[in-house]
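> So here's coords-v1.cif (mmCIF, C-alpha atoms).
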data_model
loop_
_atom_site.group_PDB
_atom_site.id
_atom_site.type_symbol
_atom_site.label_atom_id
_atom_site.label_comp_id
_atom_site.auth_asym_id
_atom_site.auth_seq_id
_atom_site.Cartn_x
_atom_site.Cartn_y
_atom_site.Cartn_z
ATOM 1 C CA MET A 1 282.450 -177.702 -128.296
ATOM 2 C CA GLN A 2 285.335 -180.085 -128.970
ATOM 3 C CA SER A 3 286.253 -180.997 -132.532
ATOM 4 C CA LYS A 4 284.388 -184.111 -133.648
ATOM 5 C CA ARG A 5 283.454 -185.661 -136.980
ATOM 6 C CA PHE A 6 279.727 -185.594 -136.159
ATOM 7 C CA ASP A 7 277.701 -182.934 -134.413
ATOM 8 C CA VAL A 8 275.021 -185.430 -133.370
ATOM 9 C CA THR A 9 274.887 -189.218 -133.436
ATOM 10 C CA ALA A 10 271.566 -190.859 -132.637
ATOM 11 C CA LEU A 11 270.735 -194.484 -131.866
ATOM 12 C CA GLY A 12 267.319 -196.078 -132.075
ATOM 13 C CA GLU A 13 264.465 -197.084 -134.311
ATOM 14 C CA LEU A 14 264.209 -196.522 -138.048
ATOM 15 C CA LEU A 15 260.872 -197.599 -139.466
ATOM 16 C CA ILE A 16 258.124 -196.992 -141.979
ATOM 17 C CA ASP A 17 255.218 -194.806 -140.806
ATOM 18 C CA PHE A 18 252.159 -195.713 -142.863
ATOM 19 C CA THR A 19 250.067 -192.552 -142.801
ATOM 20 C CA GLU A 20 246.402 -192.490 -143.867
ATOM 21 C CA SER A 21 246.005 -190.952 -147.291
ATOM 22 C CA GLY A 22 242.320 -191.069 -148.217
ATOM 23 C CA LEU A 23 240.279 -193.855 -149.789
ATOM 24 C CA SER A 24 240.571 -195.826 -152.996
ATOM 25 C CA GLU A 25 237.783 -196.000 -155.581
ATOM 26 C CA GLN A 26 236.633 -199.152 -153.820
ATOM 27 C CA GLY A 27 236.465 -197.368 -150.464
ATOM 28 C CA ASN A 28 239.599 -198.991 -149.057
ATOM 29 C CA ALA A 29 241.962 -197.005 -146.879
ATOM 30 C CA LEU A 30 245.110 -195.798 -148.643
ATOM 31 C CA PHE A 31 248.377 -195.392 -146.759
ATOM 32 C CA GLU A 32 251.504 -193.444 -147.652
ATOM 33 C CA ALA A 33 254.787 -195.163 -146.686
ATOM 34 C CA ASN A 34 256.766 -192.423 -144.928
ATOM 35 C CA PRO A 35 260.291 -193.106 -143.633
ATOM 36 C CA GLY A 36 260.438 -192.298 -139.944
ATOM 37 C CA GLY A 37 261.599 -193.162 -136.461
ATOM 38 C CA ALA A 38 262.167 -190.491 -133.824
ATOM 39 C CA PRO A 39 265.996 -190.535 -133.617
ATOM 40 C CA CYS A 40 266.406 -190.347 -137.396
ATOM 41 C CA ASN A 41 263.749 -187.617 -137.578
ATOM 42 C CA VAL A 42 265.885 -185.538 -135.230
ATOM 43 C CA LEU A 43 268.945 -186.097 -137.407
ATOM 44 C CA ALA A 44 267.073 -185.184 -140.594
ATOM 45 C CA MET A 45 266.122 -181.771 -139.171
ATOM 46 C CA LEU A 46 269.655 -181.194 -137.909
ATOM 47 C CA ALA A 47 270.991 -181.995 -141.372
ATOM 48 C CA LYS A 48 268.613 -179.356 -142.788
ATOM 49 C CA LEU A 49 270.292 -176.899 -140.432
ATOM 50 C CA GLY A 50 273.717 -177.813 -141.762
ATOM 51 C CA ARG A 51 274.797 -180.182 -139.008
ATOM 52 C CA LYS A 52 276.809 -183.366 -139.563
ATOM 53 C CA THR A 53 274.827 -186.324 -138.280
ATOM 54 C CA ALA A 54 275.105 -190.098 -138.015
ATOM 55 C CA PHE A 55 272.568 -192.806 -137.261
ATOM 56 C CA ILE A 56 272.991 -196.149 -135.532
ATOM 57 C CA GLY A 57 270.233 -198.743 -135.740
ATOM 58 C CA LYS A 58 268.977 -201.810 -137.553
ATOM 59 C CA VAL A 59 266.509 -202.614 -140.309
ATOM 60 C CA GLY A 60 265.512 -205.793 -142.074
ATOM 61 C CA ALA A 61 267.245 -206.961 -145.230
ATOM 62 C CA ASP A 62 264.051 -206.231 -147.141
ATOM 63 C CA GLN A 63 262.551 -203.596 -149.430
ATOM 64 C CA PHE A 64 261.573 -201.360 -146.508
ATOM 65 C CA GLY A 65 265.060 -201.536 -145.036
ATOM 66 C CA ARG A 66 266.588 -200.565 -148.347
ATOM 67 C CA ARG A 67 264.118 -197.670 -148.713
ATOM 68 C CA LEU A 68 264.986 -196.436 -145.247
ATOM 69 C CA ARG A 69 268.715 -196.510 -145.895
ATOM 70 C CA ARG A 70 268.211 -194.467 -149.062
ATOM 71 C CA ALA A 71 265.910 -192.039 -147.240
ATOM 72 C CA GLY A 72 268.500 -191.451 -144.512
ATOM 73 C CA GLU A 73 271.280 -190.943 -147.024
ATOM 74 C CA GLY A 74 269.036 -188.640 -149.054
ATOM 75 C CA ALA A 75 268.440 -186.560 -145.927
ATOM 76 C CA GLY A 76 272.181 -186.080 -145.521
ATOM 77 C CA ILE A 77 272.614 -188.500 -142.601
ATOM 78 C CA CYS A 78 275.625 -190.818 -142.391
ATOM 79 C CA MET A 79 274.098 -194.316 -142.444
ATOM 80 C CA ASP A 80 277.337 -196.267 -142.018
ATOM 81 C CA GLY A 81 276.091 -197.416 -138.604
ATOM 82 C CA LEU A 82 272.910 -199.012 -139.979
ATOM 83 C CA ALA A 83 272.942 -202.808 -139.589
ATOM 84 C CA GLU A 84 270.667 -205.300 -141.373
ATOM 85 C CA ASP A 85 268.879 -208.374 -140.039
ATOM 86 C CA LYS A 86 268.484 -211.176 -142.556
ATOM 87 C CA THR A 87 265.685 -212.944 -140.640
ATOM 88 C CA VAL A 88 263.678 -210.230 -138.818
ATOM 89 C CA PRO A 89 261.768 -207.697 -140.947
ATOM 90 C CA THR A 90 261.892 -203.922 -140.748
ATOM 91 C CA THR A 91 259.637 -202.407 -138.095
ATOM 92 C CA LEU A 92 256.375 -200.893 -139.384
ATOM 93 C CA ALA A 93 253.927 -198.444 -137.796
ATOM 94 C CA PHE A 94 250.441 -197.489 -138.952
ATOM 95 C CA VAL A 95 249.424 -193.992 -137.894
ATOM 96 C CA HIS A 96 245.751 -193.141 -137.450
ATOM 97 C CA LYS A 97 244.766 -189.511 -136.934
ATOM 98 C CA LEU A 98 242.139 -189.034 -134.236
ATOM 99 C CA GLU A 99 239.381 -186.430 -134.302
ATOM 100 C CA ASN A 100 241.147 -184.330 -131.651
ATOM 101 C CA GLY A 101 244.245 -184.149 -133.874
ATOM 102 C CA ASP A 102 246.232 -186.664 -131.853
ATOM 103 C CA ARG A 103 247.543 -189.938 -133.281
ATOM 104 C CA ASP A 104 246.986 -193.610 -132.598
ATOM 105 C CA PHE A 105 249.816 -196.016 -133.494
ATOM 106 C CA SER A 106 249.643 -199.669 -134.483
ATOM 107 C CA PHE A 107 253.139 -201.161 -134.448
ATOM 108 C CA TYR A 108 254.362 -204.282 -136.210
ATOM 109 C CA ARG A 109 257.403 -204.940 -134.055
ATOM 110 C CA GLY A 110 257.017 -208.356 -132.466
ATOM 111 C CA PRO A 111 259.903 -208.308 -133.038
ATOM 112 C CA GLY A 112 261.055 -205.766 -135.573
ATOM 113 C CA ALA A 113 264.624 -205.478 -136.770
ATOM 114 C CA ASP A 114 265.348 -202.399 -134.637
ATOM 115 C CA ARG A 115 264.876 -204.530 -131.508
ATOM 116 C CA THR A 116 267.614 -206.973 -132.540
ATOM 117 C CA LEU A 117 270.545 -204.533 -132.578
ATOM 118 C CA THR A 118 273.396 -205.859 -130.431
ATOM 119 C CA ALA A 119 276.244 -204.011 -128.749
ATOM 120 C CA GLY A 120 278.621 -205.801 -131.100
ATOM 121 C CA GLU A 121 276.863 -204.230 -134.084
ATOM 122 C CA VAL A 122 277.191 -200.676 -132.763
ATOM 123 C CA SER A 123 280.002 -198.717 -134.390
ATOM 124 C CA ARG A 124 281.991 -197.452 -131.435
ATOM 125 C CA PRO A 125 284.036 -194.989 -133.557
ATOM 126 C CA ILE A 126 280.824 -193.301 -134.772
ATOM 127 C CA VAL A 127 279.558 -193.042 -131.185
ATOM 128 C CA GLU A 128 282.826 -191.663 -129.840
ATOM 129 C CA ASP A 129 283.253 -189.143 -132.656
ATOM 130 C CA CYS A 130 280.192 -186.987 -131.873
ATOM 131 C CA LYS A 131 279.540 -183.858 -129.844
ATOM 132 C CA ILE A 132 276.029 -184.920 -128.797
ATOM 133 C CA PHE A 133 274.664 -188.446 -128.428
ATOM 134 C CA HIS A 134 270.856 -188.670 -128.698
ATOM 135 C CA PHE A 135 268.542 -191.550 -127.815
ATOM 136 C CA GLY A 136 264.983 -192.420 -126.781
ATOM 137 C CA THR A 137 263.230 -195.320 -125.080
ATOM 138 C CA LEU A 138 262.148 -197.434 -128.046
ATOM 139 C CA SER A 139 265.692 -198.803 -127.924
ATOM 140 C CA LEU A 140 265.161 -199.668 -124.251
ATOM 141 C CA THR A 141 261.980 -201.733 -124.524
ATOM 142 C CA HIS A 142 263.682 -205.113 -125.087
ATOM 143 C CA GLU A 143 266.993 -206.919 -125.257
ATOM 144 C CA PRO A 144 269.414 -206.964 -126.993
ATOM 145 C CA VAL A 145 268.908 -203.367 -128.154
ATOM 146 C CA ARG A 146 268.650 -202.168 -124.543
ATOM 147 C CA SER A 147 272.168 -203.380 -123.803
ATOM 148 C CA ALA A 148 273.357 -201.931 -127.110
ATOM 149 C CA THR A 149 271.961 -198.530 -126.094
ATOM 150 C CA GLN A 150 273.539 -198.689 -122.660
ATOM 151 C CA ALA A 151 276.922 -199.594 -124.121
ATOM 152 C CA ALA A 152 276.788 -196.842 -126.732
ATOM 153 C CA LEU A 153 275.800 -194.233 -124.159
ATOM 154 C CA ALA A 154 278.702 -195.216 -121.912
ATOM 155 C CA TRP A 155 281.122 -194.891 -124.838
ATOM 156 C CA ALA A 156 279.685 -191.483 -125.733
ATOM 157 C CA LYS A 157 280.037 -190.227 -122.171
ATOM 158 C CA ASP A 158 283.596 -191.484 -121.892
ATOM 159 C CA ALA A 159 284.403 -189.619 -125.120
ATOM 160 C CA GLY A 160 283.049 -186.363 -123.680
ATOM 161 C CA ALA A 161 279.759 -186.089 -125.584
ATOM 162 C CA LEU A 162 276.712 -184.322 -124.232
ATOM 163 C CA ILE A 163 273.760 -186.690 -123.816
ATOM 164 C CA SER A 164 270.319 -185.844 -125.216
ATOM 165 C CA PHE A 165 267.213 -187.861 -124.301
ATOM 166 C CA ASP A 166 263.599 -187.936 -125.490
ATOM 167 C CA PRO A 167 261.433 -190.555 -123.717
ATOM 168 C CA ASN A 168 259.033 -190.802 -126.681
ATOM 169 C CA LEU A 169 256.707 -193.046 -124.672
ATOM 170 C CA ARG A 170 254.684 -195.501 -126.783
ATOM 171 C CA PRO A 171 252.722 -197.638 -124.263
ATOM 172 C CA PRO A 172 251.790 -200.465 -126.714
ATOM 173 C CA LEU A 173 255.484 -201.282 -127.196
ATOM 174 C CA TRP A 174 256.145 -202.061 -123.531
ATOM 175 C CA ASP A 175 255.394 -205.343 -121.781
ATOM 176 C CA ASN A 176 254.202 -203.228 -118.843
ATOM 177 C CA LEU A 177 254.266 -199.553 -117.966
ATOM 178 C CA GLU A 178 256.273 -200.047 -114.787
ATOM 179 C CA THR A 179 259.193 -201.238 -116.907
ATOM 180 C CA ALA A 180 258.687 -198.180 -119.106
ATOM 181 C CA ARG A 181 258.837 -195.944 -116.050
ATOM 182 C CA GLU A 182 262.045 -197.618 -114.871
ATOM 183 C CA GLN A 183 263.749 -197.246 -118.250
ATOM 184 C CA ILE A 184 262.664 -193.629 -118.652
ATOM 185 C CA ALA A 185 264.074 -192.957 -115.168
ATOM 186 C CA TRP A 186 267.366 -194.507 -116.297
ATOM 187 C CA GLY A 187 267.423 -192.219 -119.335
ATOM 188 C CA LEU A 188 266.655 -189.179 -117.198
ATOM 189 C CA ALA A 189 269.604 -190.022 -114.970
ATOM 190 C CA GLN A 190 271.964 -190.056 -117.982
ATOM 191 C CA CYS A 191 271.111 -186.927 -119.946
ATOM 192 C CA ASP A 192 272.310 -183.335 -120.018
ATOM 193 C CA VAL A 193 269.505 -182.183 -122.345
ATOM 194 C CA LEU A 194 265.942 -183.451 -122.046
ATOM 195 C CA LYS A 195 262.984 -183.069 -124.375
ATOM 196 C CA ILE A 196 259.843 -184.479 -122.760
ATOM 197 C CA ALA A 197 256.197 -184.279 -123.859
ATOM 198 C CA ASP A 198 253.478 -183.107 -121.490
ATOM 199 C CA ASN A 199 251.925 -186.581 -121.126
ATOM 200 C CA GLU A 200 255.346 -188.102 -120.401
ATOM 201 C CA LEU A 201 256.060 -185.472 -117.762
ATOM 202 C CA GLU A 202 252.791 -186.328 -116.031
ATOM 203 C CA PHE A 203 253.529 -190.054 -116.403
ATOM 204 C CA MET A 204 256.840 -189.667 -114.575
ATOM 205 C CA THR A 205 255.852 -187.098 -111.931
ATOM 206 C CA ARG A 206 252.060 -187.534 -111.603
ATOM 207 C CA GLU A 207 251.918 -183.752 -111.805
ATOM 208 C CA LYS A 208 249.624 -181.972 -114.277
ATOM 209 C CA ASP A 209 251.234 -178.568 -113.720
ATOM 210 C CA PHE A 210 254.175 -178.414 -116.135
ATOM 211 C CA HIS A 211 256.228 -176.039 -114.005
ATOM 212 C CA LYS A 212 255.838 -178.195 -110.909
ATOM 213 C CA GLY A 213 256.527 -181.366 -112.904
ATOM 214 C CA ALA A 214 259.693 -179.892 -114.380
ATOM 215 C CA ALA A 215 260.824 -178.779 -110.932
ATOM 216 C CA ILE A 216 260.363 -182.335 -109.644
ATOM 217 C CA LEU A 217 262.562 -183.721 -112.412
ATOM 218 C CA GLN A 218 265.189 -181.025 -111.860
ATOM 219 C CA GLN A 219 265.340 -181.954 -108.185
ATOM 220 C CA GLN A 220 265.452 -185.710 -108.826
ATOM 221 C CA TYR A 221 267.925 -185.477 -111.703
ATOM 222 C CA PRO A 222 270.378 -182.593 -111.166
ATOM 223 C CA ASN A 223 272.372 -183.834 -114.165
ATOM 224 C CA ILE A 224 269.699 -182.342 -116.491
ATOM 225 C CA ARG A 225 271.055 -178.938 -117.460
ATOM 226 C CA LEU A 226 268.380 -178.036 -120.035
ATOM 227 C CA LEU A 227 264.833 -179.370 -119.686
ATOM 228 C CA ASN A 228 262.237 -178.750 -122.392
ATOM 229 C CA VAL A 229 258.550 -179.659 -122.279
ATOM 230 C CA THR A 230 256.397 -179.805 -125.422
ATOM 231 C CA ALA A 231 252.643 -179.456 -125.102
ATOM 232 C CA GLY A 232 251.309 -179.496 -128.665
ATOM 233 C CA PRO A 233 248.940 -176.551 -129.203
ATOM 234 C CA GLY A 234 249.871 -175.398 -125.692
ATOM 235 C CA GLY A 235 253.331 -174.474 -126.889
ATOM 236 C CA SER A 236 256.611 -175.310 -125.205
ATOM 237 C CA TYR A 237 258.457 -174.698 -121.967
ATOM 238 C CA SER A 238 262.128 -174.557 -121.136
ATOM 239 C CA ALA A 239 263.823 -174.795 -117.746
ATOM 240 C CA CYS A 240 267.511 -174.050 -117.286
ATOM 241 C CA GLY A 241 268.553 -173.778 -113.664
ATOM 242 C CA GLU A 242 266.150 -171.336 -112.014
ATOM 243 C CA LEU A 243 264.975 -169.947 -115.355
ATOM 244 C CA TRP A 244 261.538 -170.954 -116.662
ATOM 245 C CA VAL A 245 260.207 -169.763 -120.025
ATOM 246 C CA HIS A 246 256.956 -170.581 -121.816
ATOM 247 C CA LEU A 247 256.014 -169.759 -125.395
ATOM 248 C CA PRO A 248 252.535 -170.507 -126.788
ATOM 249 C CA GLY A 249 252.089 -172.653 -129.858
ATOM 250 C CA LEU A 250 251.440 -171.245 -133.321
ATOM 251 C CA ALA A 251 247.682 -171.358 -133.885
ATOM 252 C CA LEU A 252 247.861 -170.959 -137.657
ATOM 253 C CA GLY A 253 245.801 -173.953 -138.809
ATOM 254 C CA GLY A 254 246.745 -176.154 -141.728
ATOM 255 C CA VAL A 255 247.933 -179.069 -139.594
ATOM 256 C CA VAL A 256 248.027 -182.267 -141.658
ATOM 257 C CA ASP A 257 250.086 -184.710 -139.592
ATOM 258 C CA THR A 258 251.769 -184.121 -136.217
ATOM 259 C CA THR A 259 254.233 -186.985 -136.695
ATOM 260 C CA GLY A 260 257.757 -185.698 -136.141
ATOM 261 C CA ALA A 261 256.790 -182.370 -134.568
ATOM 262 C CA GLY A 262 258.464 -183.179 -131.255
ATOM 263 C CA ASP A 263 261.519 -184.546 -133.041
ATOM 264 C CA THR A 264 261.801 -181.368 -135.110
ATOM 265 C CA PHE A 265 261.558 -179.298 -131.933
ATOM 266 C CA CYS A 266 264.240 -181.444 -130.300
ATOM 267 C CA ALA A 267 266.575 -181.038 -133.273
ATOM 268 C CA CYS A 268 266.272 -177.256 -133.169
ATOM 269 C CA VAL A 269 267.078 -177.235 -129.449
ATOM 270 C CA LEU A 270 270.182 -179.340 -130.084
ATOM 271 C CA ASN A 271 271.190 -177.009 -132.898
ATOM 272 C CA THR A 272 271.054 -174.095 -130.451
ATOM 273 C CA VAL A 273 273.123 -176.044 -127.930
ATOM 274 C CA LEU A 274 275.706 -176.753 -130.629
ATOM 275 C CA LYS A 275 275.744 -173.123 -131.711
ATOM 276 C CA LYS A 276 275.805 -171.387 -128.343
ATOM 277 C CA GLY A 277 276.676 -174.000 -125.725
ATOM 278 C CA LEU A 278 274.609 -174.803 -122.643
ATOM 279 C CA ASP A 279 276.305 -172.137 -120.538
ATOM 280 C CA ALA A 280 275.045 -169.395 -122.872
ATOM 281 C CA LEU A 281 271.402 -170.353 -122.306
ATOM 282 C CA ASN A 282 271.391 -168.401 -119.073
ATOM 283 C CA SER A 283 268.726 -165.811 -119.811
ATOM 284 C CA GLU A 284 265.026 -165.675 -120.617
ATOM 285 C CA ALA A 285 265.898 -163.991 -123.913
ATOM 286 C CA ALA A 286 268.204 -166.845 -124.974
ATOM 287 C CA LEU A 287 265.683 -169.528 -124.031
ATOM 288 C CA GLY A 288 262.872 -167.594 -125.687
ATOM 289 C CA GLU A 289 264.812 -167.296 -128.938
ATOM 290 C CA MET A 290 265.521 -171.039 -128.871
ATOM 291 C CA LEU A 291 261.861 -171.901 -128.257
ATOM 292 C CA SER A 292 260.605 -169.515 -130.943
ATOM 293 C CA PHE A 293 262.733 -171.163 -133.608
ATOM 294 C CA ALA A 294 261.901 -174.683 -132.409
ATOM 295 C CA ASN A 295 258.157 -173.968 -132.224
ATOM 296 C CA ALA A 296 258.121 -172.554 -135.750
ATOM 297 C CA ALA A 297 259.995 -175.532 -137.191
ATOM 298 C CA ALA A 298 257.730 -177.980 -135.366
ATOM 299 C CA TYR A 299 254.652 -176.252 -136.751
ATOM 300 C CA LEU A 300 255.956 -176.363 -140.316
ATOM 301 C CA VAL A 301 256.583 -180.116 -140.232
ATOM 302 C CA THR A 302 252.940 -180.671 -139.214
ATOM 303 C CA THR A 303 251.758 -179.113 -142.468
ATOM 304 C CA LYS A 304 253.024 -182.164 -144.382
ATOM 305 C CA LYS A 305 252.737 -185.923 -143.988
ATOM 306 C CA GLY A 306 255.574 -187.900 -142.495
ATOM 307 C CA ALA A 307 258.764 -186.588 -140.967
ATOM 308 C CA ILE A 308 262.177 -187.363 -142.470
ATOM 309 C CA ARG A 309 261.262 -185.995 -145.903
ATOM 310 C CA SER A 310 259.068 -183.195 -144.525
ATOM 311 C CA MET A 311 261.587 -181.218 -142.498
ATOM 312 C CA PRO A 312 261.516 -177.474 -143.234
ATOM 313 C CA GLU A 313 264.417 -175.430 -144.572
ATOM 314 C CA ARG A 314 265.992 -172.778 -142.369
ATOM 315 C CA MET A 315 264.711 -170.030 -144.677
ATOM 316 C CA GLN A 316 261.139 -171.321 -144.268
ATOM 317 C CA ILE A 317 261.452 -171.218 -140.498
ATOM 318 C CA GLU A 318 262.896 -167.715 -140.532
ATOM 319 C CA ALA A 319 260.159 -166.526 -142.913
ATOM 320 C CA LEU A 320 257.496 -167.892 -140.568
ATOM 321 C CA LEU A 321 259.118 -166.152 -137.609
ATOM 322 C CA ARG A 322 259.095 -162.851 -139.479
ATOM 323 C CA MET A 323 255.447 -163.305 -140.443
ATOM 324 C CA THR A 324 254.328 -164.103 -136.894
ATOM 325 C CA ALA A 325 256.328 -161.170 -135.551
ATOM 326 C CA GLU A 326 254.479 -158.845 -137.943
ATOM 327 C CA ILE A 327 251.128 -160.297 -136.852
ATOM 328 C CA ARG A 328 251.947 -159.628 -133.220
#
So, in terms of structure tokens, how does the structure I just supplied come out?


Amino acid sequence: MQSKRFDVTALGELLIDFTESGLSEQGNALFEANPGGAPCNVLAMLAKLGRKTAFIGKVGADQFGRRLRRAGEGAGICMDGLAEDKTVPTTLAFVHKLENGDRDFSFYRGPGADRTLTAGEVSRPIVEDCKIFHFGTLSLTHEPVRSATQAALAWAKDAGALISFDPNLRPPLWDNLETAREQIAWGLAQCDVLKIADNELEFMTREKDFHKGAAILQQQYPNIRLLNVTAGPGGSYSACGELWVHLPGLALGGVVDTTGAGDTFCACVLNTVLKKGLDALNSEAALGEMLSFANAAAYLVTTKKGAIRSMPERMQIEALLRMTAEIR
């Protein structure tokens, strides 16, 4: 890839995930304040893998905003593109773990600072100086951040960056789901690399069969050169041209919190793209190797609470891969 200051620049939400952490002596629910937000989660994992990353977004000029800036810097992410809103507070999310292992989110974002980012506050030099530009749809739910995202993406494309997209659908954050579908479709039409969850694939294609759903997206959006589907315990799938590879999930137990698993997976895919290039992912072996590493990393992040500060080290991922290979 071309020489750039940053391997990956991401734009979007940066927030506090309040994760359930038992009960107090009085029986009240305790919550742990974990720094999070999907785009920054992706960058944190990439930084663990030695990549140079930069974040663009907005937080409130409050204690949570200051904590988030420090968390990003501590994770090795360039936070020069982080703006502050003096009147709107930092976005908060409360994460409740359901009995089936899934999560239920309660967002305090009406509005939250991430929604108020304007195109004028986006650092164009940071956007243009990256190899891959990554975004999701939480920055497309409302104005002015929607226009800021669209402007940044256009700058990134003009500068020759690959575009990475993760819909990261959160229905409560949309005024209506038809708007969500329209904005996800816009994102699909922009990206070279797609990471999409199983429920999002069904939402966009109305197809429960992952292979058929992926084929529909490939036909509708020929710009997508690498399409990856995550299915939780069901593992992950990757489609590149006519190639289609599936790897099962790691059924090892010990899952504490699935927050950030998809973001960790996405980061590992982008790391492979940076390392090998999209053209080299032209075999089942290459896609399988990419998925194995991404699956292992995604599993490891679920064994801890939160995301940004829970990303695994490369050596931990490689150790897990060796262990699972011995088991097989």

> For a test of reading the model, state the distance in Å between CA of Gly213 in chain A and CA of Leu227 in chain A, rounded to one decimal.

10.9 Å

> Nearest residue to Ala298 in chain A out of A:Ala286, A:Ala325, A:Cys268, A:Ala251, using only C-alpha atoms?

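Between A:Ala286, A:Ala325, A:Cys268, A:Ala251, the residue approaching Ala298 in chain A most closely is A:Cys268.
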
> Between CA of Ile77 in chain A and CA of Ala280 in chain A, what is the distance in Å, rounded to a tenth?

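Separating CA of Ile77 in chain A from CA of Ala280 in chain A is a distance of 27.6 Å.
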
> Hey, could you make a per-residue contact list for range 66-126 of chain A against range 18-21 of chain A with 7 Å as the cut-off, showing the nearest pair of atoms and its distance in Å to one decimal, counting all atoms listed in the file, sorted by chain and number, as JSON lines?


{"residue": "A:Ala93", "atom": "CA", "partner": "A:Phe18", "partner_atom": "CA", "distance": 6.0}
{"residue": "A:Phe94", "atom": "CA", "partner": "A:Phe18", "partner_atom": "CA", "distance": 4.6}
{"residue": "A:Val95", "atom": "CA", "partner": "A:Thr19", "partner_atom": "CA", "distance": 5.2}
{"residue": "A:His96", "atom": "CA", "partner": "A:Glu20", "partner_atom": "CA", "distance": 6.5}

> For the PyMOL selection byres ((chain A and resi 228-241) around 10), applied here, can you spell out every residue it catches as an MDAnalysis selection string?

chainID A and resid 101:102 166 193:201 210:211 213:215 218 222 224:227 242:251 258 261:262 265:266 269 278:279 281:284 287:288 290:292 294:295 298:299

> Could you list the residues chosen by the PyMOL selection byres ((chain A and resi 191) around 6) in this structure as a ChimeraX atom specification?

/A:163-165,188,190,192-193,224

> Which value, in Å to one decimal, gives the distance between CA of Leu30 in chain A and CA of Leu15 in chain A?

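For CA of Leu30 in chain A relative to CA of Leu15 in chain A, the distance reads 18.3 Å.
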